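Enquirer: My file is start12.pdb. It has PDB, C-alpha atoms:
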ATOM      1  CA  MET A 215      93.761  63.165 120.243
ATOM      2  CA  ILE A 216      94.560  66.249 118.165
ATOM      3  CA  THR A 217      91.763  67.357 115.902
ATOM      4  CA  LEU A 218      92.922  68.038 112.376
ATOM      5  CA  VAL A 219      92.038  71.342 110.751
ATOM      6  CA  THR A 220      89.865  70.831 107.698
ATOM      7  CA  GLY A 221      89.906  72.784 104.440
ATOM      8  CA  PRO A 222      86.575  74.570 105.026
ATOM      9  CA  GLN A 223      87.834  75.805 108.382
ATOM     10  CA  VAL A 224      91.014  77.185 106.851
ATOM     11  CA  ALA A 225      89.016  78.908 104.104
ATOM     12  CA  PHE A 226      86.633  80.387 106.657
ATOM     13  CA  TRP A 227      89.270  81.805 108.995
ATOM     14  CA  LEU A 228      91.286  83.187 106.088
ATOM     15  CA  LEU A 229      88.428  84.757 104.157
ATOM     16  CA  ALA A 230      86.088  85.814 106.968
ATOM     17  CA  PRO A 231      88.268  88.789 108.095
ATOM     18  CA  VAL A 232      88.623  89.876 104.473
ATOM     19  CA  MET A 233      84.858  89.723 103.969
ATOM     20  CA  ILE A 234      84.166  91.681 107.172
ATOM     21  CA  LEU A 235      86.689  94.412 106.340
ATOM     22  CA  ALA A 236      85.417  94.654 102.753
ATOM     23  CA  ALA A 237      81.800  94.866 103.946
ATOM     24  CA  ILE A 238      82.639  97.640 106.424
ATOM     25  CA  GLY A 239      84.642  99.491 103.791
ATOM     26  CA  MET A 240      81.772  99.144 101.303
ATOM     27  CA  VAL A 241      79.566 101.150 103.681
ATOM     28  CA  LEU A 242      82.176 103.707 104.700
ATOM     29  CA  VAL A 243      83.878 104.605 101.416
ATOM     30  CA  ARG A 244      82.791 107.792  99.681
ATOM     31  CA  LYS A 245      83.097 106.742  96.032
ATOM     32  CA  ALA A 246      80.448 104.448  94.591
ATOM     33  CA  VAL A 247      82.919 102.647  92.324
ATOM     34  CA  HIS A 248      85.099 101.697  95.274
ATOM     35  CA  SER A 249      82.006 100.460  97.102
ATOM     36  CA  ALA A 250      81.106  98.243  94.127
ATOM     37  CA  LEU A 251      84.636  96.794  94.022
ATOM     38  CA  LEU A 252      84.513  95.989  97.733
ATOM     39  CA  LEU A 253      81.145  94.323  97.178
ATOM     40  CA  ALA A 254      82.761  92.192  94.478
ATOM     41  CA  THR A 255      85.422  91.170  97.001
ATOM     42  CA  VAL A 256      82.737  90.015  99.439
ATOM     43  CA  MET A 257      80.927  88.074  96.709
ATOM     44  CA  VAL A 258      84.060  86.285  95.508
ATOM     45  CA  CYS A 259      85.044  85.327  99.055
ATOM     46  CA  LEU A 260      81.521  84.009  99.657
ATOM     47  CA  ALA A 261      81.787  81.923  96.482
ATOM     48  CA  VAL A 262      85.008  80.378  97.769
ATOM     49  CA  GLN A 263      83.218  79.558 101.018
ATOM     50  CA  TYR A 264      80.521  77.740  99.044
ATOM     51  CA  ALA A 265      83.162  75.761  97.179
ATOM     52  CA  ALA A 266      84.840  74.812 100.453
ATOM     53  CA  GLN A 267      81.500  73.514 101.787
ATOM     54  CA  ASP A 268      81.067  71.176  98.776
ATOM     55  CA  ALA A 269      78.355  73.300  97.149
ATOM     56  CA  PRO A 270      79.534  73.636  93.529
ATOM     57  CA  PHE A 271      76.158  74.825  92.258
ATOM     58  CA  LEU A 272      76.009  77.726  94.714
ATOM     59  CA  PHE A 273      79.650  78.494  93.894
ATOM     60  CA  ALA A 274      78.862  78.746  90.174
ATOM     61  CA  VAL A 275      75.698  80.775  90.795
ATOM     62  CA  GLN A 276      77.560  83.159  93.105
ATOM     63  CA  ILE A 277      80.262  83.785  90.511
ATOM     64  CA  ILE A 278      78.135  83.859  87.347
ATOM     65  CA  VAL A 279      74.900  85.450  88.568
ATOM     66  CA  TYR A 280      75.781  87.681  91.491
ATOM     67  CA  THR A 281      79.413  88.619  90.886
ATOM     68  CA  GLY A 282      79.143  88.575  87.095
ATOM     69  CA  ALA A 283      75.612  89.822  86.389
ATOM     70  CA  ILE A 284      74.254  91.693  89.410
ATOM     71  CA  LEU A 285      77.499  93.529  90.108
ATOM     72  CA  MET A 286      77.810  94.472  86.448
ATOM     73  CA  LEU A 287      74.281  95.855  86.719
ATOM     74  CA  PHE A 288      75.424  97.997  89.636
ATOM     75  CA  LEU A 289      78.370  99.330  87.636
ATOM     76  CA  PHE A 290      76.086  99.933  84.648
ATOM     77  CA  VAL A 291      73.775 102.021  86.827
ATOM     78  CA  LEU A 292      76.768 103.942  88.192
ATOM     79  CA  MET A 293      77.934 104.726  84.668
ATOM     80  CA  LEU A 294      74.454 105.921  83.724
ATOM     81  CA  VAL A 295      73.911 108.105  86.773
ATOM     82  CA  GLY A 296      77.525 109.303  86.982
ATOM     83  CA  VAL A 297      80.131 108.879  89.689
ATOM     84  CA  ASP A 298      80.820 112.615  89.937
ATOM     85  CA  ALA A 299      77.303 113.490  91.046
ATOM     86  CA  SER A 300      77.253 114.941  94.553
ATOM     87  CA  ASP A 301      75.025 113.292  97.147
ATOM     88  CA  SER A 302      72.034 115.276  98.314
ATOM     89  CA  LEU A 303      71.961 115.871 102.068
ATOM     90  CA  VAL A 304      68.228 116.631 102.079
ATOM     91  CA  GLU A 305      66.083 113.717 103.270
ATOM     92  CA  THR A 306      63.274 113.219 100.799
ATOM     93  CA  ILE A 307      61.768 110.244 102.679
ATOM     94  CA  ARG A 308      60.556 110.994 106.185
ATOM     95  CA  GLY A 309      61.670 108.601 108.876
ATOM     96  CA  GLN A 310      64.236 106.821 106.739
ATOM     97  CA  ARG A 311      66.812 106.896 109.519
ATOM     98  CA  LEU A 312      64.373 105.236 111.917
ATOM     99  CA  LEU A 313      63.488 102.597 109.327
ATOM    100  CA  ALA A 314      67.189 101.996 108.621
ATOM    101  CA  SER A 315      67.868 101.538 112.350
ATOM    102  CA  ILE A 316      65.014  99.036 112.676
ATOM    103  CA  ALA A 317      66.254  97.114 109.626
ATOM    104  CA  PHE A 318      69.779  97.069 111.079
ATOM    105  CA  ILE A 319      68.549  95.675 114.402
ATOM    106  CA  ALA A 320      66.426  93.053 112.620
ATOM    107  CA  PHE A 321      69.381  91.997 110.497
ATOM    108  CA  GLY A 322      71.545  91.709 113.614
ATOM    109  CA  VAL A 323      68.962  89.489 115.325
ATOM    110  CA  LEU A 324      68.737  87.332 112.192
ATOM    111  CA  LEU A 325      72.512  87.029 112.027
ATOM    112  CA  LEU A 326      72.742  86.048 115.709
ATOM    113  CA  ALA A 327      70.011  83.458 115.239
ATOM    114  CA  ALA A 328      71.791  81.951 112.240
ATOM    115  CA  VAL A 329      75.139  81.797 114.056
ATOM    116  CA  GLY A 330      73.505  80.355 117.159
ATOM    117  CA  ASN A 331      71.672  77.720 115.153
ATOM    118  CA  ALA A 332      74.887  76.698 113.420
ATOM    119  CA  THR A 333      76.819  76.632 116.712
ATOM    120  CA  PHE A 334      74.394  75.002 119.123
ATOM    121  CA  GLY A 335      72.178  73.148 116.650
ATOM    122  CA  HIS A 336      72.484  69.632 115.354
ATOM    123  CA  PRO A 337      73.079  69.811 111.588
ATOM    124  CA  THR A 338      72.102  66.731 109.673
ATOM    125  CA  GLY A 339      74.582  67.248 106.866
ATOM    126  CA  LEU A 340      74.186  68.166 103.225
ATOM    127  CA  ALA A 341      73.708  64.604 102.017
ATOM    128  CA  ASP A 342      70.839  63.922 104.436
ATOM    129  CA  ALA A 343      69.180  67.318 103.952
ATOM    130  CA  GLN A 344      69.309  67.121 100.162
ATOM    131  CA  PRO A 345      69.421  63.471  99.090
ATOM    132  CA  ASP A 346      68.614  64.307  95.453
ATOM    133  CA  GLY A 347      71.446  66.813  95.159
ATOM    134  CA  ASN A 348      71.932  70.496  95.676
ATOM    135  CA  PRO A 349      70.583  71.774  92.288
ATOM    136  CA  LYS A 350      67.301  69.862  92.561
ATOM    137  CA  ALA A 351      66.694  71.061  96.114
ATOM    138  CA  ILE A 352      67.397  74.682  95.213
ATOM    139  CA  ALA A 353      65.150  74.444  92.140
ATOM    140  CA  ALA A 354      62.348  72.989  94.270
ATOM    141  CA  LEU A 355      62.648  75.882  96.727
ATOM    142  CA  LEU A 356      62.904  78.618  94.093
ATOM    143  CA  PHE A 357      60.091  77.415  91.844
ATOM    144  CA  GLY A 358      57.979  75.895  94.581
ATOM    145  CA  LYS A 359      57.967  77.354  98.067
ATOM    146  CA  TYR A 360      59.628  80.696  97.237
ATOM    147  CA  VAL A 361      58.416  81.209  93.663
ATOM    148  CA  TRP A 362      56.497  84.375  94.562
ATOM    149  CA  ALA A 363      59.535  85.967  96.266
ATOM    150  CA  PHE A 364      61.712  84.906  93.340
ATOM    151  CA  GLU A 365      59.433  86.576  90.779
ATOM    152  CA  VAL A 366      59.053  89.723  92.898
ATOM    153  CA  THR A 367      62.851  89.997  93.167
ATOM    154  CA  SER A 368      63.178  89.699  89.386
ATOM    155  CA  ALA A 369      60.568  92.418  88.879
ATOM    156  CA  LEU A 370      62.355  94.582  91.453
ATOM    157  CA  LEU A 371      65.660  94.303  89.597
ATOM    158  CA  ILE A 372      64.028  95.201  86.280
ATOM    159  CA  THR A 373      62.263  98.150  87.908
ATOM    160  CA  ALA A 374      65.553  99.325  89.412
ATOM    161  CA  ALA A 375      67.243  99.198  86.002
ATOM    162  CA  MET A 376      64.391 101.134  84.376
ATOM    163  CA  GLY A 377      64.455 103.683  87.184
ATOM    164  CA  ALA A 378      68.184 104.202  86.742
ATOM    165  CA  MET A 379      67.682 104.795  83.019
ATOM    166  CA  MET A 380      64.916 107.299  83.722
ATOM    167  CA  LEU A 381      67.101 109.142  86.231
ATOM    168  CA  ALA A 382      70.054 109.236  83.843
ATOM    169  CA  HIS A 383      67.981 110.340  80.847
ATOM    170  CA  ARG A 384      67.938 114.055  80.201
ATOM    171  CA  GLU A 385      65.611 115.836  77.875
ATOM    172  CA  ARG A 386      67.238 118.075  75.285
ATOM    173  CA  LEU A 387      66.219 121.652  76.033
ATOM    174  CA  THR A 388      67.917 123.215  73.031
ATOM    175  CA  LYS A 389      67.996 122.359  69.374
ATOM    176  CA  LYS A 390      70.767 120.048  68.246
ATOM    177  CA  ARG A 391      73.541 122.044  66.618
ATOM    178  CA  THR A 392      74.252 121.303  63.000
ATOM    179  CA  GLN A 393      77.481 121.557  61.038
ATOM    180  CA  ARG A 394      76.380 124.939  59.733
ATOM    181  CA  ASP A 395      75.965 126.233  63.288
ATOM    182  CA  HIS A 396      79.494 125.126  64.193
ATOM    183  CA  ALA A 397      80.915 126.795  61.068
ATOM    184  CA  GLU A 398      79.083 130.057  61.784
ATOM    185  CA  GLU A 399      80.363 129.998  65.363
ATOM    186  CA  ARG A 400      83.950 129.575  64.194
ATOM    187  CA  ILE A 401      83.630 132.478  61.774
ATOM    188  CA  ARG A 402      82.009 134.591  64.487
ATOM    189  CA  LYS A 403      84.848 133.883  66.898
ATOM    190  CA  TYR A 404      87.348 134.759  64.177
ATOM    191  CA  ALA A 405      85.615 138.115  63.563
ATOM    192  CA  GLU A 406      85.176 138.988  67.242
ATOM    193  CA  GLN A 407      88.136 137.387  69.016
ATOM    194  CA  GLY A 408      90.586 136.694  66.198
ATOM    195  CA  ILE A 409      90.541 132.913  66.755
ATOM    196  CA  HIS A 410      91.607 131.131  63.591
ATOM    197  CA  PRO A 411      88.601 129.248  62.146
ATOM    198  CA  GLY A 412      90.607 126.452  60.579
ATOM    199  CA  PRO A 413      92.962 123.869  62.034
ATOM    200  CA  LEU A 414      96.274 124.925  63.476
ATOM    201  CA  PRO A 415      99.337 124.894  61.211
ATOM    202  CA  THR A 416     101.116 121.587  61.111
ATOM    203  CA  PRO A 417     104.473 121.638  62.970
ATOM    204  CA  GLY A 418     107.471 121.634  60.679
ATOM    205  CA  VAL A 419     105.627 122.576  57.478
ATOM    206  CA  LEU A 420     107.627 125.034  55.348
ATOM    207  CA  ALA A 421     110.441 124.829  57.904
ATOM    208  CA  ARG A 422     113.902 123.332  57.782
ATOM    209  CA  HIS A 423     113.097 120.829  60.546
ATOM    210  CA  ASN A 424     110.154 118.462  60.428
ATOM    211  CA  ALA A 425     109.774 118.238  64.205
ATOM    212  CA  VAL A 426     106.985 119.003  66.655
ATOM    213  CA  ASP A 427     109.111 121.545  68.500
ATOM    214  CA  THR A 428     109.841 123.575  65.372
ATOM    215  CA  PRO A 429     107.352 126.339  64.567
ATOM    216  CA  ALA A 430     105.829 126.393  61.111
ATOM    217  CA  LEU A 431     106.257 129.237  58.650
ATOM    218  CA  LEU A 432     103.380 131.280  57.324
ATOM    219  CA  PRO A 433     103.157 132.168  53.629
ATOM    220  CA  ASP A 434     104.839 135.533  54.261
ATOM    221  CA  GLY A 435     107.816 133.814  55.922
ATOM    222  CA  SER A 436     106.919 134.780  59.477
ATOM    223  CA  ILE A 437     106.860 132.269  62.305
ATOM    224  CA  ALA A 438     103.508 130.764  63.405
ATOM    225  CA  PRO A 439     103.718 130.291  67.200
ATOM    226  CA  THR A 440     100.360 128.466  67.276
ATOM    227  CA  SER A 441     101.861 125.567  65.321
ATOM    228  CA  VAL A 442     103.676 124.306  68.420
ATOM    229  CA  SER A 443     101.906 122.571  71.284
ATOM    230  CA  ARG A 444     101.288 124.670  74.369
ATOM    231  CA  VAL A 445     102.784 121.896  76.464
ATOM    232  CA  LEU A 446     106.132 122.274  74.688
ATOM    233  CA  GLN A 447     105.904 126.039  75.030
ATOM    234  CA  ALA A 448     105.288 125.714  78.777
ATOM    235  CA  ARG A 449     108.260 123.367  79.130
ATOM    236  CA  GLY A 450     110.495 125.711  77.163
ATOM    237  CA  THR A 451     111.559 123.016  74.689
ATOM    238  CA  VAL A 452     110.512 124.907  71.558
ATOM    239  CA  PHE A 453     113.131 125.499  68.859
ATOM    240  CA  PRO A 454     114.624 128.978  69.600
ATOM    241  CA  GLU A 455     113.017 131.725  67.578
ATOM    242  CA  THR A 456     116.340 133.515  67.027
ATOM    243  CA  GLN A 457     117.905 130.413  65.528
ATOM    244  CA  GLU A 458     114.769 129.818  63.485
ATOM    245  CA  ARG A 459     114.972 133.332  62.050
ATOM    246  CA  ALA A 460     118.689 132.818  61.336
ATOM    247  CA  ASP A 461     117.862 129.631  59.437
ATOM    248  CA  ILE A 462     115.157 131.467  57.504
ATOM    249  CA  GLU A 463     117.589 134.213  56.583
ATOM    250  CA  GLU A 464     120.169 131.643  55.496
ATOM    251  CA  VAL A 465     117.614 129.887  53.305
ATOM    252  CA  ARG A 466     116.607 133.235  51.791
ATOM    253  CA  LYS A 467     120.220 134.109  50.960
ATOM    254  CA  LEU A 468     120.823 130.688  49.483
ATOM    255  CA  ASP A 469     117.720 131.047  47.381
ATOM    256  CA  GLN A 470     118.823 134.450  46.095
ATOM    257  CA  GLY A 471     122.400 133.295  45.459
ATOM    258  CA  GLU A 472     124.016 135.707  47.875
ATOM    259  CA  LEU A 473     126.026 132.977  49.571
ATOM    260  CA  TYR A 474     127.352 131.520  46.319
ATOM    261  CA  PRO A 475     130.612 133.259  45.279
ATOM    262  CA  PRO A 476     131.421 133.567  41.561
ATOM    263  CA  GLU A 477     132.631 130.261  40.295
ATOM    264  CA  ALA A 478     136.414 130.418  39.752
ATOM    265  CA  GLU A 479     138.024 128.895  36.744
ATOM    266  CA  SER A 480     139.192 125.439  37.610
ATOM    267  CA  THR A 481     142.815 124.494  36.998
ATOM    268  CA  ASP A 482     142.154 120.780  37.119
ATOM    269  CA  THR A 483     142.695 119.337  33.631
ATOM    270  CA  THR A 484     142.249 115.722  34.510
ATOM    271  CA  PHE A 485     138.885 115.328  32.836
ATOM    272  CA  ARG A 486     139.249 117.975  30.133
ATOM    273  CA  THR A 487     139.164 117.045  26.490
ATOM    274  CA  GLU A 488     141.843 118.036  24.034
ATOM    275  CA  GLU A 489     139.666 120.832  22.606
ATOM    276  CA  GLU A 490     139.051 122.317  26.082
ATOM    277  CA  LYS A 491     142.786 122.268  26.808
TER     278      LYS A 491
END
Kindly return the structure encoded in the file as structure tokens.
Expert:
Amino acid sequence: MITLVTGPQVAFWLLAPVMILAAIGMVLVRKAVHSALLLATVMVCLAVQYAAQDAPFLFAVQIIVYTGAILMLFLFVLMLVGVDASDSLVETIRGQRLLASIAFIAFGVLLLAAVGNATFGHPTGLADAQPDGNPKAIAALLFGKYVWAFEVTSALLITAAMGAMMLAHRERLTKKRTQRDHAEERIRKYAEQGIHPGPLPTPGVLARHNAVDTPALLPDGSIAPTSVSRVLQARGTVFPETQERADIEEVRKLDQGELYPPEAESTDTTFRTEEEK
């Protein structure tokens, strides 16, 4: 008789490799944001495993609490501390590598015991283990047998958040600059370095073309090169200065009437009155 493959088995064999690869990548990646995203992948896959095992309460808790709240707390701490901060290679806690090795071995033994119990044990089933339902059994464990561990974990999370805020907070060593200080600095730079204290001229103002690639004209008629973006100047797409000067000269001649020849007497008598004829 051929044993049919159940839905939980399909979900396990499809998601277990993804969870293992994401967990390994979470430890090996260099950027903290990438590590947090891989942790989210593991949490979502674990939630799907809960749903496949007919545990809707654990599925909802895994998505809402852990993936939605705890992971967002991790990202919040990363934003406070900064993702560009370089890791210190100096060990501030003595023996942390030895303690990490012991914790790794203990976790491996715990994992082997759990897998062995699930493989060689005799599970009674969810209905027999929790006759009143999954939420009531979890509530009895959290607020009964494991209430002390539950409260300590909550205090630990709050302490971690407060510690992250204290690490990210920086005391101001200098006086906050006022608007007057900024104005004095601009005038000082104008006197020492010749940097214009005001905003740059608007492109196209007092010019024949109202375009961003056309330099503006100063009050004396000269061209203001600072009115065009440096990006356009680097690309070489600025309106040619020679043509701009030719346009300026043409406008000047038109303004002075040099390009207007003397008006000749018209010979068209179509619209003339009898007195004009």
Enquirer: So how far away is CA of Pro411 (chain A) from CA of Pro454 (chain A), in Å?
Expert: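 Straight-line distance from CA of Pro454 (chain A) to CA of Pro411 (chain A) works out to 27.1 Å.
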Enquirer: If the PyMOL selection byres ((chain A and resi 442) around 8) were run on this exact file, what residues would it hold? Put them as a list in words.
Expert: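 This file gives the following for the PyMOL selection byres ((chain A and resi 442) around 8): Pro417, Val426, Asp427, Thr428, Pro429, Ala430, Pro439, Thr440, Ser441, Ser443, Arg444, Leu446, Gln447 and Val452 of chain A.
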Enquirer: So what does the PyMOL selection byres ((chain A and resi 456-460) around 9) actually pick up in this one, as a PDB file with C-alpha atoms, in the frame of the given file?
Expert:
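Output (expr00.pdb):
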ATOM      1  CA  ALA A 421     110.441 124.829  57.904  1.00  0.00           C
ATOM      2  CA  ARG A 422     113.902 123.332  57.782  1.00  0.00           C
ATOM      3  CA  THR A 428     109.841 123.575  65.372  1.00  0.00           C
ATOM      4  CA  PRO A 429     107.352 126.339  64.567  1.00  0.00           C
ATOM      5  CA  SER A 436     106.919 134.780  59.477  1.00  0.00           C
ATOM      6  CA  ILE A 437     106.860 132.269  62.305  1.00  0.00           C
ATOM      7  CA  PHE A 453     113.131 125.499  68.859  1.00  0.00           C
ATOM      8  CA  PRO A 454     114.624 128.978  69.600  1.00  0.00           C
ATOM      9  CA  GLU A 455     113.017 131.725  67.578  1.00  0.00           C
ATOM     10  CA  ASP A 461     117.862 129.631  59.437  1.00  0.00           C
ATOM     11  CA  ILE A 462     115.157 131.467  57.504  1.00  0.00           C
ATOM     12  CA  GLU A 463     117.589 134.213  56.583  1.00  0.00           C
ATOM     13  CA  GLU A 464     120.169 131.643  55.496  1.00  0.00           C
ATOM     14  CA  VAL A 465     117.614 129.887  53.305  1.00  0.00           C
TER      15      VAL A 465
END
Enquirer: Neighbouring residues of Ile372 (chain A) were defined as those with any atom within 12 Å, considering all atoms listed in the file; residues of the same chain fewer than 5 positions away were excluded. Please report them as a list in words.
Expert: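 Surrounding residues, per the criterion: Ile284, Leu287, Val291, Glu365, Val366, Thr367, Gly377, Ala378 and Met379 of chain A.
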Enquirer: Write a file of the selected residues as a compact mmCIF listing (two decimals), in the coordinates of the input, keeping C-alpha atoms.
Expert:
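Saved to again-v1.txt:
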# COMPACT_ATOMS: atom_id res chain seq x y z
CA ILE A 284 74.25 91.69 89.41
CA LEU A 287 74.28 95.86 86.72
CA VAL A 291 73.78 102.02 86.83
CA GLU A 365 59.43 86.58 90.78
CA VAL A 366 59.05 89.72 92.90
CA THR A 367 62.85 90.00 93.17
CA GLY A 377 64.46 103.68 87.18
CA ALA A 378 68.18 104.20 86.74
CA MET A 379 67.68 104.80 83.02
Enquirer: Just the number, please: distance in Å from CA of Leu313 (chain A) to CA of Ala363 (chain A), one decimal.
Expert: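 Taking CA of Leu313 (chain A) as the start and CA of Ala363 (chain A) as the end point, the length is 21.5 Å.
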